[in-house]
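Quick look at protein06.txt (compact mmCIF, C-alpha atoms):
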# COMPACT_ATOMS: atom_id res chain seq x y z
CA MET A 294 18.38 -149.84 -105.68
CA VAL A 295 17.72 -149.00 -102.03
CA THR A 296 14.23 -150.52 -102.27
CA VAL A 297 15.62 -153.79 -103.67
CA ASN A 298 18.19 -154.01 -100.87
CA LEU A 299 15.59 -153.21 -98.24
CA GLY A 300 13.28 -155.87 -99.69
CA MET A 301 16.12 -158.37 -99.60
CA LEU A 302 16.82 -157.41 -95.98
CA HIS A 303 13.20 -158.17 -95.01
CA TYR A 304 13.35 -161.49 -96.88
CA VAL A 305 16.66 -162.42 -95.23
CA LEU A 306 15.24 -161.46 -91.81
CA ASP A 307 12.46 -164.02 -92.34
CA HIS A 308 15.05 -166.68 -93.19
CA VAL A 309 17.31 -165.79 -90.26
CA TYR A 310 14.33 -165.93 -87.89
CA GLY A 311 13.18 -169.15 -89.55
CA ALA A 312 16.63 -170.74 -89.24
CA PHE A 313 16.83 -169.76 -85.57
CA MET A 314 13.32 -171.04 -84.79
CA HIS A 315 13.04 -174.03 -87.08
CA ARG A 316 16.48 -175.44 -87.92
CA THR A 317 17.93 -175.37 -84.42
CA LYS A 318 16.97 -177.78 -81.64
CA ILE A 319 15.37 -174.96 -79.61
CA SER A 320 11.89 -176.29 -80.34
CA PRO A 321 10.63 -179.68 -81.59
CA GLN A 322 9.50 -180.22 -85.16
CA PHE A 323 5.95 -180.25 -86.46
CA PHE A 324 4.27 -183.67 -86.82
CA SER A 325 6.88 -185.66 -84.88
CA ARG A 326 4.27 -188.38 -84.22
CA GLY A 327 3.32 -188.89 -87.85
CA TRP A 328 0.13 -188.54 -89.84
CA GLY A 329 -2.55 -189.34 -87.26
CA GLY A 330 -3.91 -192.63 -88.62
CA SER A 331 -7.70 -192.98 -88.70
CA LYS A 332 -8.12 -189.36 -87.49
CA LEU A 333 -6.51 -188.14 -90.70
CA GLU A 334 -8.88 -190.27 -92.80
CA LEU A 335 -11.87 -188.85 -90.86
CA LEU A 336 -10.69 -185.25 -91.38
CA GLU A 337 -10.04 -185.81 -95.08
CA ARG A 338 -13.64 -187.01 -95.52
CA MET A 339 -15.06 -184.12 -93.48
CA ILE A 340 -13.15 -181.37 -95.26
CA LYS A 341 -14.06 -182.65 -98.72
CA GLN A 342 -17.69 -181.98 -97.72
CA LEU A 343 -16.90 -178.24 -97.46
CA PHE A 344 -16.20 -177.80 -101.18
CA PRO A 345 -18.88 -176.42 -103.55
CA GLU A 346 -19.36 -179.77 -105.31
CA ALA A 347 -20.46 -181.30 -101.98
CA ALA A 348 -24.17 -180.91 -101.24
CA GLY A 349 -23.75 -180.18 -97.52
CA GLN A 350 -21.33 -177.25 -97.60
CA ASN A 351 -23.84 -174.47 -96.76
CA TRP A 352 -24.85 -175.87 -93.37
CA PRO A 353 -26.11 -173.42 -90.72
CA PRO A 354 -23.80 -172.51 -87.81
CA ALA A 355 -24.43 -174.32 -84.52
CA VAL A 356 -25.95 -172.23 -81.71
CA ILE A 357 -23.66 -171.53 -78.74
CA GLN A 358 -24.34 -169.93 -75.34
CA PRO A 359 -21.09 -168.52 -73.92
CA THR A 360 -20.77 -167.92 -70.17
CA TRP A 361 -19.21 -164.49 -69.52
CA LYS A 362 -17.12 -162.87 -66.80
CA THR A 363 -16.01 -159.22 -66.81
CA VAL A 364 -12.23 -158.67 -66.82
CA TRP A 365 -12.42 -154.85 -66.68
CA GLU A 366 -14.84 -152.07 -67.45
CA SER A 367 -14.37 -148.35 -68.07
CA LYS A 368 -16.66 -145.49 -69.10
CA THR A 369 -16.00 -146.17 -72.76
CA ALA A 370 -15.41 -149.93 -73.11
CA SER A 371 -15.46 -153.34 -71.44
CA LEU A 372 -13.43 -156.53 -71.75
CA ARG A 373 -15.13 -159.83 -71.01
CA GLU A 374 -13.94 -163.40 -71.31
CA GLY A 375 -16.31 -166.19 -72.28
CA ILE A 376 -16.27 -169.97 -72.39
CA PHE A 377 -18.48 -172.33 -74.38
CA ARG A 378 -18.45 -175.97 -75.39
CA THR A 379 -17.02 -176.32 -78.88
CA PRO A 380 -19.94 -176.74 -81.33
CA CYS A 381 -18.17 -179.56 -83.21
CA ASP A 382 -20.23 -182.68 -83.89
CA GLU A 383 -19.60 -185.89 -81.94
CA GLN A 384 -17.19 -187.34 -84.52
CA LEU A 385 -15.02 -184.25 -84.46
CA LEU A 386 -15.31 -183.97 -80.69
CA GLY A 387 -14.05 -187.54 -80.35
CA ALA A 388 -10.98 -186.69 -82.44
CA LEU A 389 -10.18 -183.45 -80.54
CA PRO A 390 -8.01 -183.69 -77.41
CA PRO A 391 -10.08 -183.25 -74.20
CA GLU A 392 -8.22 -180.00 -73.44
CA SER A 393 -9.71 -178.46 -76.61
CA HIS A 394 -13.36 -179.32 -75.92
CA ARG A 395 -14.02 -176.00 -74.16
CA ALA A 396 -13.52 -172.85 -76.24
CA ARG A 397 -12.37 -169.51 -74.81
CA VAL A 398 -12.91 -166.00 -76.17
CA ALA A 399 -12.06 -162.43 -75.18
CA PHE A 400 -14.63 -159.77 -76.11
CA LEU A 401 -13.65 -156.07 -76.23
CA VAL A 402 -16.66 -153.82 -76.78
CA PRO A 403 -17.11 -150.03 -76.98
CA LYS A 404 -19.99 -148.52 -75.02
CA SER A 405 -20.67 -145.43 -77.11
CA VAL A 406 -23.42 -146.83 -79.38
CA PRO A 407 -25.91 -149.73 -79.33
CA PRO A 408 -24.79 -153.01 -80.96
CA GLN A 409 -26.91 -152.54 -84.08
CA ARG A 410 -24.84 -149.43 -84.91
CA MET A 411 -21.60 -151.25 -84.17
CA ALA A 412 -19.48 -153.81 -86.01
CA CYS A 413 -17.58 -156.74 -84.48
CA VAL A 414 -14.65 -158.66 -85.94
CA VAL A 415 -13.64 -162.18 -84.87
CA HIS A 416 -9.82 -162.41 -84.72
CA LEU A 417 -8.35 -165.89 -85.36
CA ALA A 418 -4.92 -167.06 -84.16
CA GLY A 419 -1.79 -167.27 -86.26
CA THR A 420 0.77 -170.03 -85.74
CA GLY A 421 2.09 -169.81 -82.19
CA ASP A 422 -0.39 -167.14 -80.99
CA HIS A 423 -1.43 -168.78 -77.70
CA THR A 424 -2.89 -165.74 -75.89
CA PHE A 425 -5.44 -162.97 -76.41
CA GLU A 426 -3.01 -160.05 -75.95
CA ARG A 427 -1.58 -159.46 -79.42
CA ARG A 428 -4.99 -159.56 -81.10
CA LEU A 429 -6.55 -157.35 -78.41
CA ARG A 430 -3.76 -154.81 -79.11
CA LEU A 431 -4.63 -154.97 -82.81
CA GLY A 432 -8.33 -154.43 -82.10
CA GLY A 433 -8.05 -151.94 -79.23
CA PRO A 434 -7.60 -148.76 -81.33
CA LEU A 435 -10.69 -149.75 -83.38
CA LEU A 436 -12.93 -149.06 -80.36
CA LYS A 437 -13.02 -145.40 -81.38
CA GLU A 438 -14.38 -146.52 -84.79
CA ASN A 439 -17.21 -148.37 -82.98
CA ILE A 440 -15.68 -151.74 -83.90
CA ALA A 441 -15.68 -154.46 -81.24
CA THR A 442 -13.08 -157.24 -81.16
CA MET A 443 -13.71 -160.90 -80.37
CA VAL A 444 -10.58 -163.05 -79.98
CA LEU A 445 -10.87 -166.85 -80.20
CA GLU A 446 -8.29 -169.08 -78.51
CA SER A 447 -7.55 -171.81 -81.04
CA PRO A 448 -7.94 -175.51 -80.32
CA PHE A 449 -4.45 -176.97 -79.55
CA TYR A 450 -3.30 -173.52 -78.31
CA GLY A 451 -3.11 -171.71 -74.96
CA GLN A 452 -5.24 -173.36 -72.28
CA ARG A 453 -6.58 -175.69 -74.99
CA ARG A 454 -3.15 -177.18 -75.76
CA PRO A 455 -2.82 -180.96 -75.28
CA VAL A 456 -0.53 -181.86 -72.40
CA MET A 457 1.95 -183.75 -74.64
CA GLN A 458 2.29 -180.91 -77.19
CA ARG A 459 5.17 -178.44 -76.84
CA GLY A 460 4.31 -174.91 -77.89
CA ALA A 461 2.62 -174.69 -81.28
CA ARG A 462 4.30 -177.86 -82.62
CA LEU A 463 1.34 -180.04 -83.51
CA LEU A 464 2.11 -183.73 -83.00
CA CYS A 465 0.30 -185.16 -86.05
CA VAL A 466 -0.73 -183.92 -89.51
CA SER A 467 -4.33 -184.72 -88.54
CA ASP A 468 -4.03 -182.12 -85.74
CA LEU A 469 -3.54 -179.34 -88.31
CA LEU A 470 -6.74 -180.31 -90.12
CA LEU A 471 -8.56 -180.77 -86.78
CA LEU A 472 -7.45 -177.33 -85.61
CA GLY A 473 -8.72 -175.81 -88.85
CA LYS A 474 -12.06 -177.61 -88.94
CA ALA A 475 -12.82 -176.85 -85.27
CA THR A 476 -11.77 -173.19 -85.69
CA ILE A 477 -14.13 -172.84 -88.67
CA GLU A 478 -17.04 -174.32 -86.67
CA GLU A 479 -16.34 -172.13 -83.62
CA ALA A 480 -15.86 -168.91 -85.59
CA ARG A 481 -19.06 -169.44 -87.61
CA SER A 482 -20.97 -170.04 -84.35
CA LEU A 483 -19.46 -166.87 -82.84
CA LEU A 484 -20.48 -164.82 -85.90
CA HIS A 485 -23.99 -166.28 -85.61
CA TRP A 486 -24.06 -165.37 -81.90
CA LEU A 487 -22.90 -161.81 -82.66
CA ASP A 488 -25.62 -161.50 -85.29
CA CYS A 489 -28.61 -163.18 -83.64
CA GLU A 490 -27.93 -162.91 -79.89
CA ALA A 491 -25.80 -159.76 -79.48
CA GLY A 492 -27.46 -157.91 -82.39
CA PHE A 493 -24.38 -156.38 -84.08
CA GLY A 494 -25.04 -154.43 -87.27
CA LYS A 495 -22.02 -155.79 -89.17
CA MET A 496 -19.56 -158.64 -88.68
CA GLY A 497 -16.12 -159.52 -89.95
CA VAL A 498 -13.43 -162.15 -89.51
CA CYS A 499 -9.67 -161.62 -89.71
CA GLY A 500 -6.48 -163.47 -88.94
CA LEU A 501 -2.76 -163.36 -89.49
CA SER A 502 -0.81 -166.10 -91.30
CA MET A 503 -2.52 -169.42 -90.41
CA GLY A 504 -5.33 -167.37 -88.85
CA GLY A 505 -5.80 -165.63 -92.20
CA VAL A 506 -6.28 -168.97 -93.98
CA HIS A 507 -8.93 -169.88 -91.41
CA ALA A 508 -10.54 -166.41 -91.73
CA ALA A 509 -10.79 -166.88 -95.51
CA MET A 510 -12.45 -170.29 -95.00
CA VAL A 511 -14.92 -168.87 -92.46
CA GLY A 512 -15.79 -165.92 -94.73
CA SER A 513 -16.27 -168.36 -97.60
CA LEU A 514 -18.56 -170.73 -95.69
CA HIS A 515 -20.59 -168.31 -93.55
CA PRO A 516 -24.23 -168.12 -94.74
CA THR A 517 -24.43 -164.30 -94.57
CA PRO A 518 -21.98 -161.66 -95.90
CA VAL A 519 -19.11 -160.79 -93.54
CA ALA A 520 -15.97 -158.72 -94.08
CA THR A 521 -13.14 -161.22 -94.67
CA LEU A 522 -9.63 -159.99 -93.89
CA PRO A 523 -6.71 -162.43 -94.28
CA PHE A 524 -3.34 -160.87 -93.36
CA LEU A 525 0.04 -162.28 -94.50
CA SER A 526 -1.76 -165.46 -95.51
CA PRO A 527 -1.11 -168.14 -98.15
CA HIS A 528 -3.87 -169.72 -100.21
CA SER A 529 -3.06 -173.11 -98.70
CA ALA A 530 -1.03 -174.77 -95.92
CA VAL A 531 0.89 -176.53 -98.74
CA VAL A 532 2.73 -173.24 -99.27
CA ALA A 533 3.77 -172.97 -95.62
CA PHE A 534 4.84 -176.56 -95.01
CA CYS A 535 6.09 -177.64 -98.45
CA GLU A 536 7.48 -174.42 -100.00
CA GLY A 537 8.09 -171.82 -97.27
CA ILE A 538 10.35 -171.73 -94.25
CA LEU A 539 8.19 -174.14 -92.20
CA GLN A 540 9.33 -177.03 -94.40
CA HIS A 541 12.52 -176.89 -92.28
CA ALA A 542 10.42 -177.35 -89.13
CA THR A 543 8.61 -180.46 -90.38
CA ALA A 544 9.56 -183.95 -89.15
CA TRP A 545 9.89 -185.52 -92.63
CA GLU A 546 11.80 -188.57 -91.33
CA ALA A 547 9.10 -189.33 -88.73
CA LEU A 548 6.42 -188.97 -91.41
CA ARG A 549 8.35 -191.36 -93.69
CA ASP A 550 8.73 -193.88 -90.86
CA ASP A 551 5.01 -193.70 -90.08
CA LEU A 552 4.14 -194.39 -93.73
CA ALA A 553 6.67 -197.25 -93.85
CA VAL A 554 4.69 -199.03 -91.12
CA GLN A 555 1.56 -198.89 -93.29
CA LYS A 556 3.09 -199.60 -96.71
CA ALA A 557 6.37 -200.06 -98.59
CA ALA A 558 9.29 -197.75 -97.87
CA MET A 559 9.05 -194.33 -99.54
CA THR A 560 11.55 -191.67 -100.53
CA LEU A 561 11.41 -188.29 -98.79
CA GLU A 562 10.17 -186.78 -102.07
CA GLU A 563 7.24 -189.23 -102.06
CA VAL A 564 6.50 -188.28 -98.46
CA ARG A 565 6.44 -184.59 -99.45
CA GLU A 566 4.07 -185.45 -102.29
CA ARG A 567 1.76 -187.21 -99.82
CA MET A 568 1.88 -184.08 -97.63
CA ARG A 569 1.02 -181.87 -100.61
CA ASN A 570 -1.92 -184.12 -101.36
CA VAL A 571 -3.27 -184.01 -97.78
CA LEU A 572 -2.75 -180.27 -97.34
CA SER A 573 -4.42 -179.52 -100.68
CA LEU A 574 -7.57 -179.85 -98.55
CA THR A 575 -6.63 -176.47 -97.02
CA ASP A 576 -6.54 -174.77 -100.46
CA VAL A 577 -8.91 -171.83 -100.04
CA THR A 578 -9.34 -171.51 -103.81
CA ARG A 579 -11.34 -174.77 -103.64
CA PHE A 580 -13.82 -173.20 -101.21
CA PRO A 581 -16.98 -171.30 -102.29
CA ILE A 582 -16.65 -167.62 -103.23
CA PRO A 583 -17.78 -165.47 -100.25
CA LYS A 584 -21.26 -163.90 -100.40
CA ASN A 585 -19.75 -160.40 -100.73
CA PRO A 586 -16.29 -160.75 -102.35
CA ASN A 587 -15.74 -156.97 -102.50
CA ALA A 588 -15.62 -157.01 -98.67
CA VAL A 589 -12.58 -159.33 -98.89
CA ILE A 590 -9.25 -157.51 -98.42
CA PHE A 591 -5.96 -159.41 -98.37
CA VAL A 592 -2.98 -157.59 -96.85
CA SER A 593 0.28 -159.18 -97.97
CA ALA A 594 3.99 -158.42 -97.72
CA THR A 595 6.23 -157.64 -100.69
CA ASP A 596 9.19 -159.72 -99.46
CA ASP A 597 7.63 -162.52 -97.44
CA GLY A 598 9.94 -165.49 -96.81
CA TYR A 599 7.01 -167.61 -95.66
CA ILE A 600 4.34 -166.69 -98.25
CA PRO A 601 5.33 -166.26 -101.94
CA LYS A 602 3.47 -163.65 -104.01
CA HIS A 603 1.97 -166.23 -106.37
CA SER A 604 0.04 -167.74 -103.45
CA VAL A 605 -1.69 -164.44 -102.64
CA LEU A 606 -2.51 -163.74 -106.29
CA GLU A 607 -4.10 -167.20 -106.67
CA LEU A 608 -6.60 -166.25 -103.95
CA GLN A 609 -7.44 -162.93 -105.57
CA LYS A 610 -7.93 -164.65 -108.92
CA ALA A 611 -10.24 -167.27 -107.37
CA TRP A 612 -12.37 -164.60 -105.67
CA PRO A 613 -13.12 -161.89 -108.31
CA GLY A 614 -13.93 -158.58 -106.66
CA SER A 615 -11.55 -159.10 -103.74
CA GLU A 616 -8.67 -156.68 -103.14
CA VAL A 617 -4.98 -157.27 -102.38
CA ARG A 618 -2.99 -154.58 -100.54
CA TRP A 619 0.79 -154.81 -100.33
CA VAL A 620 2.89 -153.63 -97.41
CA THR A 621 6.66 -153.26 -97.70
CA GLY A 622 8.39 -155.89 -95.65
CA GLY A 623 8.75 -159.56 -94.85
CA HIS A 624 6.53 -161.84 -92.79
CA VAL A 625 8.18 -161.07 -89.44
CA SER A 626 8.72 -157.31 -89.98
CA SER A 627 5.16 -156.80 -91.32
CA PHE A 628 3.74 -158.70 -88.35
CA LEU A 629 5.58 -156.23 -86.09
CA LEU A 630 5.33 -152.97 -88.05
CA HIS A 631 2.11 -152.87 -90.08
CA ASN A 632 -0.74 -153.11 -87.58
CA GLY A 633 -1.99 -149.75 -88.86
CA GLU A 634 -2.47 -151.24 -92.35
CA PHE A 635 -4.29 -154.24 -90.89
CA ARG A 636 -6.64 -151.93 -88.97
CA ARG A 637 -7.28 -149.82 -92.08
CA ALA A 638 -8.25 -152.99 -93.99
CA ILE A 639 -10.66 -153.97 -91.19
CA VAL A 640 -12.35 -150.55 -91.31
CA ASP A 641 -12.53 -150.54 -95.13
CA GLY A 642 -13.80 -154.13 -95.38
CA LEU A 643 -16.61 -153.39 -92.92
CA ASP A 644 -17.45 -150.16 -94.79
CA ARG A 645 -18.18 -152.27 -97.88
CA LEU A 646 -20.98 -154.11 -96.08
CA PRO A 647 -24.49 -152.65 -95.68
CA TRP A 648 -25.80 -152.19 -92.14
CA LYS A 649 -28.14 -154.95 -91.09
CA GLU A 650 -31.73 -153.74 -91.01
CA SER A 651 -33.06 -153.43 -87.48
CA PRO A 652 -36.10 -155.58 -86.71
CA LEU A 653 -39.24 -153.46 -86.38
Render the structure in this file as structure tokens.
Amino acid sequence: MVTVNLGMLHYVLDHVYGAFMHRTKISPQFFSRGWGGSKLELLERMIKQLFPEAAGQNWPPAVIQPTWKTVWESKTASLREGIFRTPCDEQLLGALPPESHRARVAFLVPKSVPPQRMACVVHLAGTGDHTFERRLRLGGPLLKENIATMVLESPFYGQRRPVMQRGARLLCVSDLLLLGKATIEEARSLLHWLDCEAGFGKMGVCGLSMGGVHAAMVGSLHPTPVATLPFLSPHSAVVAFCEGILQHATAWEALRDDLAVQKAAMTLEEVRERMRNVLSLTDVTRFPIPKNPNAVIFVSATDDGYIPKHSVLELQKAWPGSEVRWVTGGHVSSFLLHNGEFRRAIVDGLDRLPWKESPL
């Protein structure tokens, strides 16, 4: 009985936090400027090309050349920050806000062994994670396991946030798809750089919540096997914005008004159905199975008010050989309390990959 009550407490905490953050006027709603017009149509076409039935989905990552500066250095580790032009093609670049054209990364590396005997994990941002700090704290203790951490600042976030956007509240639905597509391109290019330029022996990609969805997509689409570690993640953004707590943070009236300009008036239910249809493009179960599915570990919460259990199990079913680990808690409490479990999944996922053979 105590366990049930505790689970309910975690679930209620998510809803209390969600009500405070999303139902009050403290912060603006998501998508207050509508769907995004022609940008949305462009993104819909681009993302459909990622699915297995599309011929072009196994394209090679673009080559990047980050420029580095050292933030600090000790006897055992160093932290550098790098910048590089986003590797997105010209169409995508034209749709991205100018502030997002330059990507930023933080790179925390142990010094104890050469790169070919080291692993590196690219950490992708969850909703509202505008800085490097939280993900560097997650990766820091892994230095002693000879695991480096590379943290990508998302498009639309941090120093890449458009001037008109407040916080993480994306202005248009097209921005969510843009953020995802650009993140996939940048993360794949970073993994390629870690492999071919820096010479790391193993690579992985992880992320929390929205970052976990993007990590799953990157692991799915990368041409070589990487450890894929989605934490507290749904199988699709449909779950977050149409079923979970974020539906209360979505500007449904503005979306209805935007559609009314283009066509006949619609009910709110029809608007939600349109949203489901658009966000079905983020359904990870439609993406290819990763090259090494047994190096995929999902860590999910038992009483998550944002991510229902069925969403996690759909991913596991779509990717046979992957593992789901459950932590006791809700979305918010697990985010705060279970970093140890996330680190253990990173170590175990990497352990399931063979070391890359050193060139002779």
* Asked: Can you list, as a PyMOL selection string, every protein, DNA or RNA residue that comes within 10 Å of region 407-410 of chain A when you count all atoms listed in the file, leaving out same-chain residues fewer than 3 positions away?
  -> chain A and resi 402-404+413+439-441+487-488+491-495+648-651
* Would you work out the distance separating CA of Trp619 (chain A) from CA of Ser593 (chain A), expressed in Å to one decimal? => 5.0 Å
* Pick out the residues sitting within 9 Å of Met503 (chain A), and hand them over as a ChimeraX atom specification; count only C-alpha atoms, and ignore anything fewer than 2 positions along from it in its own chain. => /A:417-420,500-501,505-508,525-527,530,533
* To do: May I ask for the distance between CA of Met568 (chain A) and CA of Leu608 (chain A), given in Å to one decimal place?
  => 20.7 Å
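Closest to Val577 (chain A) among A:Ala544, A:Ile538, A:Val532, A:Leu336 is A:Val532, based on all atoms listed in the file.
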* Asked: A:Leu574, A:Ala611, A:Leu401, A:Ile582: which is nearest Ala370 (chain A), counting only C-alpha atoms?
  -> A:Leu401
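Within 7 Å of region 324-332 of chain A there are Leu336, Ala388, Leu463, Leu464, Cys465, Val466, Ser467, Thr543, Ala544, Ala547, Leu548 and Asp551 of chain A, counting only C-alpha atoms and ignoring same-chain residues fewer than 4 positions away.
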Take the residues from that selection and write them out as a compact mmCIF listing (two decimals), keeping the file's coordinate frame, keeping C-alpha atoms.
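Okay, this is what ended up in part_30.txt:
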# COMPACT_ATOMS: atom_id res chain seq x y z
CA LEU A 336 -10.69 -185.25 -91.38
CA ALA A 388 -10.98 -186.69 -82.44
CA LEU A 463 1.34 -180.04 -83.51
CA LEU A 464 2.11 -183.73 -83.00
CA CYS A 465 0.30 -185.16 -86.05
CA VAL A 466 -0.73 -183.92 -89.51
CA SER A 467 -4.33 -184.72 -88.54
CA THR A 543 8.61 -180.46 -90.38
CA ALA A 544 9.56 -183.95 -89.15
CA ALA A 547 9.10 -189.33 -88.73
CA LEU A 548 6.42 -188.97 -91.41
CA ASP A 551 5.01 -193.70 -90.08
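If all atoms listed in the file are the atoms counted, then among A:Leu386, A:His394, A:Ala399, A:Asp550 the closest residue to Trp365 (chain A) is A:Ala399.
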* Atom pair CA of Glu546 (chain A) / CA of Glu337 (chain A): separation (Å) -> 22.3 Å
At most 6 Å is the cut-off: for each residue in region 395-433 of chain A with any atom that close to an atom of region 444-459 of chain A, write down the nearest atom pair and the distance in Å rounded to one decimal, counting only C-alpha atoms, chain first then increasing number, as CSV.
residue,atom,partner,partner_atom,distance
A:Arg397,CA,A:Glu446,CA,5.5
A:Val398,CA,A:Leu445,CA,4.6
A:Ala399,CA,A:Val444,CA,5.1
A:Val415,CA,A:Val444,CA,5.8
A:His416,CA,A:Val444,CA,4.8
A:Leu417,CA,A:Leu445,CA,5.8
A:His423,CA,A:Gly451,CA,4.3
